[in-house]
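Heads up, the thing below is written out as structure tokens.
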Amino acid sequence: MRNKRKPNIWYIHPYAGGPGVGRYSRPYFLAQHWIELGLRATVFSASFHHLLDRPQNDGAKIIGGVPYEFVKGRNYAGNGLGRLLNMMQFSWNFFRNSSEYASRYGKPDVIIASSPHPYSFLAARSVAKKYGAKIFFEVRDLWPLSLVELGGVSANHPVITFTEWVEKFAYKYSDRVVSLLPLTAPHMIDRGLAVERWAYVPNGIDRQESQHASEVHPIIPLAKEWRKNGSTIFIYAGALGRPNHVDSLVKAMSILKSQAGNSIKTIIVGKGEVESDLKKLVLELGLDADVRIFGQIPKAQIVELLGEVDAGFISLRPEPIFRFGISPNKLFDYMLAALPVVFAVHAGNDPVREADCGYSVAPGDAEAVALAMRNIASLSKAQRREMGNRGRSYVLKNHDYAALAASYVKLFEPS
């Protein structure tokens with residue numbers, strides 16, 4: 001690198017968010033900590049994507065002390081052609097405007113091309129070659145495998161064929177491949193990656209993240225009232241899609257309601273295509289006094305809400321792709337809040353079991369979910385606090401963004 005002490009990092013993530021901007025904050029927190037360590041860092045994101053709170057104007061913006069460049073990307077809805085064109089436009093505009101970006105932010109020493117989709121790697125590598133920079137490929141989702149196994153796209157589809165070529169190209173020509181999932185090395189090595197270039201840097205938490213919302217959401221007084229009345233409150237905070245199996249939580253509540261003396265309540269927060277179905281299910285099962293479903297709310301209010309509940313719930317529909325492990329932000333948020341967790345996921349890794357901070361059950365099994373919820377509810381407050389604190393200690397040790405950023409810096413050094 002031209003400057004070993006203060007390398008200049010361009011972090012290319014087409015779906016990046018940050019405080020007051022969007023939900024996916026990994027790029028923000030890593031860049032923030034790199035800057036604190038004396039490095040230079042800029043986050044490049046699309047001006048429109050589905051994880052933004054609102055579309056952004058093209059161009060430069062400072063977010064929480066971190067330089068962002070919002071690159072033109074067309075509006076879209078859903079997962080069709082419009083989203084694909086957004087990906088292509090983002091990559092092309094980043095490549096086309098790279099000289100302007102170098103004048104604005106300085107020539108890069110390291111360019112990180114981060115998925116979810118791998119297409120921006122092609123533009124990022126060309127720009128890296130132009131400036132003699134290292135090129136990293138950061139993988140959150142295994143494309144095209146996830147499109148085939150989760151999305152049901154035919155393995156013979158032209159988009160899959162092209163994406164597989166991009167994937168192998170990235171494995172071959174990256175200086176480093178950084179995986180957010182712990183068990184991807186064999187898959188990547190089988191597709192041409194040299195084992196010494198694989199690294200694992202998972203999703204994380206930031207212990208300094210604000211816990212003070214600007215407004216009190218109506219859900220907060222509800223949680224306080226339930227707790228005052230002696231209820232044990234579970235929360236699900238995340239996407240309400242078919243893969244998330246949140247219906248098993250509602251069905252578990254129906255099982256619990258039939259049991260004498262039950263005082264368990266549930267709050268569901270999020271948005272997705274099954275939100276209306278879940279609300280109908282709550283009414284059909286007569287659970288409207290025990291289960292409340294709210295739409296998506298700001299992250300600061302989520303953090304505040306996690307301080308008013310007793311336990312968290314996370315579930316995923318069983319899929320072969322999860323054999324490579326998972327790195328879910330919502331789980332780490334629960335752990336940071338010292339909440340015991342019901343983990344209804346079958347994956348290659350199990351952070352809840354590793355941390356001993358809750359119960360792991362079969363996904364979609366409402367009876368097993370209900371039993372786990374009842375077990376947590378039967379614990380004393382001190383026992384629940386001890387269980388939750390084990391999760392908090394685990395996540396601070398293994399997923400603190402300050403430590404993850406520092407471990408990432410080591411990867412920038414010559415191998």
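How things are named: the first chain in the structure tokens is A, the next is B, and so on; residues count from 1 in each chain; ligands count from 1 in the order shown.
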
Counting only C-alpha atoms, what is within 12 Å of Lys397 (chain A), bar same-chain residues fewer than 2 positions away, as a PDB file with N, CA, C and O atoms, in the first residue's frame?
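out16.pdb was written with the following content:
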```
ATOM      1  N   GLY A 204     -22.169  -7.819  13.210  1.00  0.00           N
ATOM      2  CA  GLY A 204     -21.865  -7.483  14.591  1.00  0.00           C
ATOM      3  C   GLY A 204     -22.840  -6.515  15.216  1.00  0.00           C
ATOM      4  O   GLY A 204     -23.918  -6.227  14.694  1.00  0.00           O
ATOM      5  N   ILE A 205     -22.421  -6.004  16.354  1.00  0.00           N
ATOM      6  CA  ILE A 205     -23.186  -5.017  17.117  1.00  0.00           C
ATOM      7  C   ILE A 205     -22.251  -3.875  17.494  1.00  0.00           C
ATOM      8  O   ILE A 205     -21.029  -4.034  17.486  1.00  0.00           O
ATOM      9  N   ASP A 206     -22.849  -2.743  17.793  1.00  0.00           N
ATOM     10  CA  ASP A 206     -22.069  -1.620  18.269  1.00  0.00           C
ATOM     11  C   ASP A 206     -22.619  -1.203  19.619  1.00  0.00           C
ATOM     12  O   ASP A 206     -23.766  -0.766  19.727  1.00  0.00           O
ATOM     13  N   ARG A 207     -21.806  -1.369  20.655  1.00  0.00           N
ATOM     14  CA  ARG A 207     -22.297  -1.134  22.009  1.00  0.00           C
ATOM     15  C   ARG A 207     -22.602   0.341  22.270  1.00  0.00           C
ATOM     16  O   ARG A 207     -23.257   0.675  23.256  1.00  0.00           O
ATOM     17  N   PHE A 332     -28.288 -10.829  17.235  1.00  0.00           N
ATOM     18  CA  PHE A 332     -27.247 -10.114  17.971  1.00  0.00           C
ATOM     19  C   PHE A 332     -27.835  -8.928  18.747  1.00  0.00           C
ATOM     20  O   PHE A 332     -27.350  -8.584  19.831  1.00  0.00           O
ATOM     21  N   MET A 335     -29.215 -10.422  21.887  1.00  0.00           N
ATOM     22  CA  MET A 335     -28.124 -10.769  22.802  1.00  0.00           C
ATOM     23  C   MET A 335     -27.544  -9.524  23.471  1.00  0.00           C
ATOM     24  O   MET A 335     -27.259  -9.529  24.672  1.00  0.00           O
ATOM     25  N   LEU A 336     -27.355  -8.475  22.693  1.00  0.00           N
ATOM     26  CA  LEU A 336     -26.807  -7.244  23.250  1.00  0.00           C
ATOM     27  C   LEU A 336     -27.722  -6.696  24.346  1.00  0.00           C
ATOM     28  O   LEU A 336     -27.257  -6.126  25.337  1.00  0.00           O
ATOM     29  N   ALA A 355     -23.681 -19.869  23.152  1.00  0.00           N
ATOM     30  CA  ALA A 355     -23.674 -18.911  24.258  1.00  0.00           C
ATOM     31  C   ALA A 355     -24.437 -19.418  25.475  1.00  0.00           C
ATOM     32  O   ALA A 355     -24.321 -18.837  26.559  1.00  0.00           O
ATOM     33  N   ARG A 390     -25.365 -14.160  29.604  1.00  0.00           N
ATOM     34  CA  ARG A 390     -24.439 -15.051  28.885  1.00  0.00           C
ATOM     35  C   ARG A 390     -24.440 -14.720  27.393  1.00  0.00           C
ATOM     36  O   ARG A 390     -23.400 -14.729  26.734  1.00  0.00           O
ATOM     37  N   GLY A 391     -25.620 -14.416  26.865  1.00  0.00           N
ATOM     38  CA  GLY A 391     -25.699 -14.013  25.456  1.00  0.00           C
ATOM     39  C   GLY A 391     -25.016 -12.683  25.219  1.00  0.00           C
ATOM     40  O   GLY A 391     -24.324 -12.502  24.208  1.00  0.00           O
ATOM     41  N   ARG A 392     -25.181 -11.746  26.132  1.00  0.00           N
ATOM     42  CA  ARG A 392     -24.541 -10.439  25.981  1.00  0.00           C
ATOM     43  C   ARG A 392     -23.016 -10.572  26.007  1.00  0.00           C
ATOM     44  O   ARG A 392     -22.315  -9.976  25.190  1.00  0.00           O
ATOM     45  N   SER A 393     -22.507 -11.374  26.936  1.00  0.00           N
ATOM     46  CA  SER A 393     -21.054 -11.580  27.000  1.00  0.00           C
ATOM     47  C   SER A 393     -20.549 -12.209  25.715  1.00  0.00           C
ATOM     48  O   SER A 393     -19.490 -11.830  25.195  1.00  0.00           O
ATOM     49  N   TYR A 394     -21.313 -13.165  25.184  1.00  0.00           N
ATOM     50  CA  TYR A 394     -20.921 -13.843  23.951  1.00  0.00           C
ATOM     51  C   TYR A 394     -20.854 -12.870  22.779  1.00  0.00           C
ATOM     52  O   TYR A 394     -19.888 -12.857  22.011  1.00  0.00           O
ATOM     53  N   VAL A 395     -21.883 -12.044  22.626  1.00  0.00           N
ATOM     54  CA  VAL A 395     -21.939 -11.173  21.455  1.00  0.00           C
ATOM     55  C   VAL A 395     -20.904 -10.059  21.552  1.00  0.00           C
ATOM     56  O   VAL A 395     -20.335  -9.628  20.539  1.00  0.00           O
ATOM     57  N   HIS A 399     -18.713 -10.391  18.443  1.00  0.00           N
ATOM     58  CA  HIS A 399     -19.385  -9.627  17.394  1.00  0.00           C
ATOM     59  C   HIS A 399     -19.367  -8.117  17.617  1.00  0.00           C
ATOM     60  O   HIS A 399     -20.151  -7.400  16.990  1.00  0.00           O
ATOM     61  N   ASP A 400     -18.502  -7.620  18.448  1.00  0.00           N
ATOM     62  CA  ASP A 400     -18.378  -6.183  18.654  1.00  0.00           C
ATOM     63  C   ASP A 400     -17.703  -5.573  17.426  1.00  0.00           C
ATOM     64  O   ASP A 400     -16.610  -5.976  17.036  1.00  0.00           O
ATOM     65  N   TYR A 401     -18.359  -4.578  16.792  1.00  0.00           N
ATOM     66  CA  TYR A 401     -17.815  -4.005  15.562  1.00  0.00           C
ATOM     67  C   TYR A 401     -16.441  -3.365  15.758  1.00  0.00           C
ATOM     68  O   TYR A 401     -15.646  -3.314  14.820  1.00  0.00           O
ATOM     69  N   ALA A 402     -16.155  -2.883  16.953  1.00  0.00           N
ATOM     70  CA  ALA A 402     -14.828  -2.312  17.191  1.00  0.00           C
ATOM     71  C   ALA A 402     -13.757  -3.381  16.994  1.00  0.00           C
ATOM     72  O   ALA A 402     -12.725  -3.140  16.347  1.00  0.00           O
ATOM     73  N   ALA A 403     -14.007  -4.582  17.528  1.00  0.00           N
ATOM     74  CA  ALA A 403     -13.057  -5.684  17.375  1.00  0.00           C
ATOM     75  C   ALA A 403     -13.053  -6.220  15.945  1.00  0.00           C
ATOM     76  O   ALA A 403     -11.993  -6.554  15.396  1.00  0.00           O
ATOM     77  N   LEU A 404     -14.232  -6.301  15.328  1.00  0.00           N
ATOM     78  CA  LEU A 404     -14.307  -6.791  13.952  1.00  0.00           C
ATOM     79  C   LEU A 404     -13.565  -5.858  12.996  1.00  0.00           C
ATOM     80  O   LEU A 404     -12.873  -6.310  12.079  1.00  0.00           O
TER      81      LEU A 404
END
```

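Those residues in region 43-114 of chain A carrying a DSSP assignment of helix (DSSP H, G or I), computed from the backbone, are Leu81, Gly82, Arg83, Leu84, Leu85, Asn86, Met87, Met88, Gln89, Phe90, Ser91, Trp92, Asn93, Phe94, Phe95, Arg96, Ser98, Ser99, Glu100, Tyr101, Ala102, Ser103, Arg104 and Tyr105 of chain A.
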
Quiz item: Can you list, as a count of residues only, every protein, DNA or RNA residue that comes within 12 Å of Lys228 (chain A) when you count only C-alpha atoms, leaving out same-chain residues fewer than 6 positions away?
Solution: 5

Exercise. Write out as a list of chain:residue names each polymer residue whose atoms come within 9 Å of Ala199 (chain A), counting only C-alpha atoms; drop sequence neighbours fewer than 2 positions from it.
Key: A:Arg176, A:Val177, A:Val178, A:Ser179, A:Leu180, A:Pro182, A:Ala185, A:Val195, A:Glu196, A:Arg197, A:Val201, A:Leu411

Go ahead and write the residues just picked, N, CA, C and O atoms, as a compact mmCIF listing (two decimals), in the first residue's frame.
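The file below, again.txt, is the result:
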```
# COMPACT_ATOMS: atom_id res chain seq x y z
N ARG A 176 -8.47 -10.86 -1.10
CA ARG A 176 -9.09 -11.53 0.03
C ARG A 176 -10.57 -11.73 -0.26
O ARG A 176 -11.20 -10.88 -0.90
N VAL A 177 -11.11 -12.85 0.23
CA VAL A 177 -12.56 -13.04 0.24
C VAL A 177 -12.98 -13.11 1.70
O VAL A 177 -12.51 -13.96 2.46
N VAL A 178 -13.82 -12.18 2.11
CA VAL A 178 -14.27 -12.08 3.49
C VAL A 178 -15.70 -12.58 3.57
O VAL A 178 -16.60 -12.01 2.94
N SER A 179 -15.92 -13.63 4.33
CA SER A 179 -17.24 -14.23 4.47
C SER A 179 -17.89 -13.79 5.76
O SER A 179 -17.25 -13.77 6.82
N LEU A 180 -19.17 -13.43 5.70
CA LEU A 180 -19.94 -13.14 6.91
C LEU A 180 -20.48 -14.42 7.53
O LEU A 180 -20.99 -14.39 8.65
N PRO A 182 -19.78 -18.49 8.71
CA PRO A 182 -18.59 -19.18 9.22
C PRO A 182 -18.16 -20.43 8.46
O PRO A 182 -17.02 -20.87 8.61
N ALA A 185 -15.99 -21.76 3.58
CA ALA A 185 -14.68 -22.01 2.98
C ALA A 185 -14.68 -23.19 1.99
O ALA A 185 -14.18 -23.04 0.87
N VAL A 195 -7.25 -21.27 -0.29
CA VAL A 195 -7.68 -21.32 1.10
C VAL A 195 -7.10 -20.19 1.94
O VAL A 195 -7.76 -19.66 2.84
N GLU A 196 -5.86 -19.78 1.65
CA GLU A 196 -5.22 -18.74 2.47
C GLU A 196 -5.83 -17.36 2.26
O GLU A 196 -5.57 -16.42 3.02
N ARG A 197 -6.67 -17.21 1.23
CA ARG A 197 -7.29 -15.91 0.98
C ARG A 197 -8.70 -15.81 1.57
O ARG A 197 -9.35 -14.79 1.43
N VAL A 201 -15.38 -12.61 8.87
CA VAL A 201 -15.68 -11.42 9.67
C VAL A 201 -17.20 -11.29 9.69
O VAL A 201 -17.80 -10.78 8.74
N LEU A 411 -6.22 -7.68 7.78
CA LEU A 411 -6.30 -8.26 6.44
C LEU A 411 -5.77 -7.32 5.37
O LEU A 411 -5.42 -7.74 4.27
```

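Of the residues in region 139-325 of chain A, those that DSSP places in strand (DSSP E) on the basis of the backbone are A:Val139, A:Arg176, A:Val177, A:Val178, A:Ser179, A:Trp198, A:Ala199, A:Tyr200, A:Thr232, A:Ile233, A:Phe234, A:Ile235, A:Tyr236, A:Ala237, A:Ile264, A:Lys265, A:Thr266, A:Ile267, A:Ile268, A:Val269, A:Val291, A:Arg292, A:Ile293, A:Phe294, A:Ala311, A:Gly312, A:Phe313, A:Ile314, A:Ser315.
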
Prev. selection, N, CA and C atoms, output as a PDB file, in the first residue's frame:
```
ATOM      1  N   VAL A 139     -18.648 -11.365   1.179  1.00  0.00           N
ATOM      2  CA  VAL A 139     -19.801 -12.188   0.809  1.00  0.00           C
ATOM      3  C   VAL A 139     -20.762 -12.316   1.981  1.00  0.00           C
ATOM      4  N   ARG A 176      -8.469 -10.864  -1.103  1.00  0.00           N
ATOM      5  CA  ARG A 176      -9.086 -11.532   0.034  1.00  0.00           C
ATOM      6  C   ARG A 176     -10.566 -11.732  -0.263  1.00  0.00           C
ATOM      7  N   VAL A 177     -11.112 -12.846   0.226  1.00  0.00           N
ATOM      8  CA  VAL A 177     -12.560 -13.044   0.241  1.00  0.00           C
ATOM      9  C   VAL A 177     -12.979 -13.110   1.704  1.00  0.00           C
ATOM     10  N   VAL A 178     -13.818 -12.177   2.107  1.00  0.00           N
ATOM     11  CA  VAL A 178     -14.271 -12.076   3.492  1.00  0.00           C
ATOM     12  C   VAL A 178     -15.705 -12.580   3.568  1.00  0.00           C
ATOM     13  N   SER A 179     -15.918 -13.629   4.332  1.00  0.00           N
ATOM     14  CA  SER A 179     -17.241 -14.226   4.465  1.00  0.00           C
ATOM     15  C   SER A 179     -17.894 -13.789   5.763  1.00  0.00           C
ATOM     16  N   TRP A 198      -9.179 -16.862   2.254  1.00  0.00           N
ATOM     17  CA  TRP A 198     -10.494 -16.848   2.897  1.00  0.00           C
ATOM     18  C   TRP A 198     -10.376 -16.278   4.303  1.00  0.00           C
ATOM     19  N   ALA A 199     -11.329 -15.455   4.707  1.00  0.00           N
ATOM     20  CA  ALA A 199     -11.374 -14.912   6.064  1.00  0.00           C
ATOM     21  C   ALA A 199     -12.825 -14.796   6.507  1.00  0.00           C
ATOM     22  N   TYR A 200     -13.025 -14.833   7.811  1.00  0.00           N
ATOM     23  CA  TYR A 200     -14.369 -14.769   8.388  1.00  0.00           C
ATOM     24  C   TYR A 200     -14.487 -13.524   9.260  1.00  0.00           C
ATOM     25  N   THR A 232     -44.868 -12.087  31.070  1.00  0.00           N
ATOM     26  CA  THR A 232     -43.568 -12.308  30.440  1.00  0.00           C
ATOM     27  C   THR A 232     -43.727 -11.995  28.957  1.00  0.00           C
ATOM     28  N   ILE A 233     -42.920 -11.069  28.452  1.00  0.00           N
ATOM     29  CA  ILE A 233     -43.117 -10.564  27.092  1.00  0.00           C
ATOM     30  C   ILE A 233     -42.019 -11.072  26.168  1.00  0.00           C
ATOM     31  N   PHE A 234     -42.452 -11.689  25.076  1.00  0.00           N
ATOM     32  CA  PHE A 234     -41.534 -12.113  24.018  1.00  0.00           C
ATOM     33  C   PHE A 234     -41.642 -11.132  22.851  1.00  0.00           C
ATOM     34  N   ILE A 235     -40.544 -10.991  22.107  1.00  0.00           N
ATOM     35  CA  ILE A 235     -40.544 -10.101  20.952  1.00  0.00           C
ATOM     36  C   ILE A 235     -39.960 -10.800  19.738  1.00  0.00           C
ATOM     37  N   TYR A 236     -40.572 -10.535  18.608  1.00  0.00           N
ATOM     38  CA  TYR A 236     -39.946 -10.817  17.307  1.00  0.00           C
ATOM     39  C   TYR A 236     -39.812  -9.483  16.599  1.00  0.00           C
ATOM     40  N   ALA A 237     -38.598  -9.112  16.223  1.00  0.00           N
ATOM     41  CA  ALA A 237     -38.349  -7.864  15.509  1.00  0.00           C
ATOM     42  C   ALA A 237     -37.554  -8.180  14.256  1.00  0.00           C
ATOM     43  N   ILE A 264     -48.165 -15.091  29.298  1.00  0.00           N
ATOM     44  CA  ILE A 264     -47.166 -14.741  28.291  1.00  0.00           C
ATOM     45  C   ILE A 264     -47.809 -13.844  27.234  1.00  0.00           C
ATOM     46  N   LYS A 265     -47.108 -12.785  26.855  1.00  0.00           N
ATOM     47  CA  LYS A 265     -47.545 -11.878  25.807  1.00  0.00           C
ATOM     48  C   LYS A 265     -46.468 -11.822  24.719  1.00  0.00           C
ATOM     49  N   THR A 266     -46.865 -11.406  23.533  1.00  0.00           N
ATOM     50  CA  THR A 266     -45.912 -11.332  22.414  1.00  0.00           C
ATOM     51  C   THR A 266     -46.119 -10.057  21.610  1.00  0.00           C
ATOM     52  N   ILE A 267     -45.004  -9.429  21.277  1.00  0.00           N
ATOM     53  CA  ILE A 267     -44.992  -8.264  20.394  1.00  0.00           C
ATOM     54  C   ILE A 267     -44.226  -8.639  19.126  1.00  0.00           C
ATOM     55  N   ILE A 268     -44.829  -8.367  17.985  1.00  0.00           N
ATOM     56  CA  ILE A 268     -44.207  -8.634  16.683  1.00  0.00           C
ATOM     57  C   ILE A 268     -44.042  -7.301  15.969  1.00  0.00           C
ATOM     58  N   VAL A 269     -42.816  -7.007  15.565  1.00  0.00           N
ATOM     59  CA  VAL A 269     -42.511  -5.736  14.914  1.00  0.00           C
ATOM     60  C   VAL A 269     -41.795  -6.013  13.592  1.00  0.00           C
ATOM     61  N   VAL A 291     -51.288 -10.930  21.608  1.00  0.00           N
ATOM     62  CA  VAL A 291     -50.293 -10.756  20.542  1.00  0.00           C
ATOM     63  C   VAL A 291     -50.597  -9.450  19.816  1.00  0.00           C
ATOM     64  N   ARG A 292     -49.612  -8.563  19.744  1.00  0.00           N
ATOM     65  CA  ARG A 292     -49.776  -7.300  19.028  1.00  0.00           C
ATOM     66  C   ARG A 292     -48.745  -7.232  17.902  1.00  0.00           C
ATOM     67  N   ILE A 293     -49.212  -6.874  16.724  1.00  0.00           N
ATOM     68  CA  ILE A 293     -48.337  -6.773  15.555  1.00  0.00           C
ATOM     69  C   ILE A 293     -48.252  -5.317  15.127  1.00  0.00           C
ATOM     70  N   PHE A 294     -47.055  -4.805  15.050  1.00  0.00           N
ATOM     71  CA  PHE A 294     -46.802  -3.433  14.618  1.00  0.00           C
ATOM     72  C   PHE A 294     -45.958  -3.470  13.345  1.00  0.00           C
ATOM     73  N   ALA A 311     -37.753 -11.560  26.510  1.00  0.00           N
ATOM     74  CA  ALA A 311     -37.075 -12.581  25.712  1.00  0.00           C
ATOM     75  C   ALA A 311     -37.312 -12.322  24.233  1.00  0.00           C
ATOM     76  N   GLY A 312     -36.422 -12.872  23.410  1.00  0.00           N
ATOM     77  CA  GLY A 312     -36.526 -12.696  21.967  1.00  0.00           C
ATOM     78  C   GLY A 312     -36.830 -14.006  21.259  1.00  0.00           C
ATOM     79  N   PHE A 313     -37.336 -13.874  20.038  1.00  0.00           N
ATOM     80  CA  PHE A 313     -37.656 -15.032  19.203  1.00  0.00           C
ATOM     81  C   PHE A 313     -37.089 -14.817  17.815  1.00  0.00           C
ATOM     82  N   ILE A 314     -36.476 -15.858  17.271  1.00  0.00           N
ATOM     83  CA  ILE A 314     -36.005 -15.808  15.888  1.00  0.00           C
ATOM     84  C   ILE A 314     -36.273 -17.160  15.251  1.00  0.00           C
ATOM     85  N   SER A 315     -36.706 -17.140  14.002  1.00  0.00           N
ATOM     86  CA  SER A 315     -37.018 -18.382  13.303  1.00  0.00           C
ATOM     87  C   SER A 315     -36.727 -18.220  11.823  1.00  0.00           C
TER      88      SER A 315
END
```

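Proximity to His13 (chain A) was assessed for A:Tyr101, A:Phe29, A:Phe44, A:Tyr68 counting only C-alpha atoms; the smallest distance is recorded for A:Phe44.
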
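Distance annotation: of A:Asn244, A:Asn329, A:Tyr359, A:Glu304, the residue with the minimal separation from Gly272 (chain A) is A:Asn244; atom set is only C-alpha atoms.
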
Exercise. Please measure the separation of CA of Phe137 (chain A) and CA of Ile112 (chain A), giving the value in Å to one decimal.
Key: 5.9 Å

Quiz prompt | Contacts of Ala113 (chain A) within 8 Å, only C-alpha atoms, excl. fewer than 2 positions in-chain, as a ChimeraX atom specification | solution = /A:11-13,111,115,118,120-121,124,135-138

Could you turn the residues from that selection into a file that holds N, CA and C atoms, as an mmCIF file, in the first residue's frame?
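See selection_3.cif below for the written result:
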```cif
data_model
loop_
_atom_site.group_PDB
_atom_site.id
_atom_site.type_symbol
_atom_site.label_atom_id
_atom_site.label_comp_id
_atom_site.auth_asym_id
_atom_site.auth_seq_id
_atom_site.Cartn_x
_atom_site.Cartn_y
_atom_site.Cartn_z
ATOM 1 N N TYR A 11 -15.419 1.327 0.444
ATOM 2 C CA TYR A 11 -16.289 0.206 0.799
ATOM 3 C C TYR A 11 -17.524 0.281 -0.100
ATOM 4 N N ILE A 12 -17.620 -0.630 -1.052
ATOM 5 C CA ILE A 12 -18.705 -0.616 -2.042
ATOM 6 C C ILE A 12 -19.797 -1.574 -1.600
ATOM 7 N N HIS A 13 -20.884 -1.049 -1.091
ATOM 8 C CA HIS A 13 -22.026 -1.889 -0.724
ATOM 9 C C HIS A 13 -23.284 -1.252 -1.290
ATOM 10 N N ILE A 111 -10.146 -1.609 -2.047
ATOM 11 C CA ILE A 111 -11.557 -1.514 -2.422
ATOM 12 C C ILE A 111 -12.232 -2.803 -1.984
ATOM 13 N N SER A 115 -21.201 -8.009 -1.293
ATOM 14 C CA SER A 115 -22.495 -8.461 -1.764
ATOM 15 C C SER A 115 -23.558 -7.940 -0.796
ATOM 16 N N PRO A 118 -23.062 -10.038 -6.391
ATOM 17 C CA PRO A 118 -21.635 -9.954 -6.688
ATOM 18 C C PRO A 118 -21.285 -9.072 -7.877
ATOM 19 N N SER A 120 -21.195 -5.915 -8.586
ATOM 20 C CA SER A 120 -20.361 -4.728 -8.437
ATOM 21 C C SER A 120 -18.879 -5.077 -8.351
ATOM 22 N N PHE A 121 -18.558 -6.347 -8.144
ATOM 23 C CA PHE A 121 -17.144 -6.738 -8.081
ATOM 24 C C PHE A 121 -16.439 -6.440 -9.395
ATOM 25 N N ALA A 124 -15.624 -2.850 -9.410
ATOM 26 C CA ALA A 124 -14.678 -2.556 -8.330
ATOM 27 C C ALA A 124 -13.278 -3.055 -8.672
ATOM 28 N N ILE A 135 -8.051 -5.568 -3.927
ATOM 29 C CA ILE A 135 -9.471 -5.780 -4.120
ATOM 30 C C ILE A 135 -9.940 -6.907 -3.208
ATOM 31 N N PHE A 136 -10.934 -6.602 -2.360
ATOM 32 C CA PHE A 136 -11.538 -7.584 -1.464
ATOM 33 C C PHE A 136 -12.958 -7.870 -1.949
ATOM 34 N N PHE A 137 -13.374 -9.123 -1.803
ATOM 35 C CA PHE A 137 -14.745 -9.523 -2.108
ATOM 36 C C PHE A 137 -15.383 -9.959 -0.795
ATOM 37 N N GLU A 138 -16.398 -9.218 -0.338
ATOM 38 C CA GLU A 138 -17.082 -9.528 0.912
ATOM 39 C C GLU A 138 -18.415 -10.195 0.589
#
```
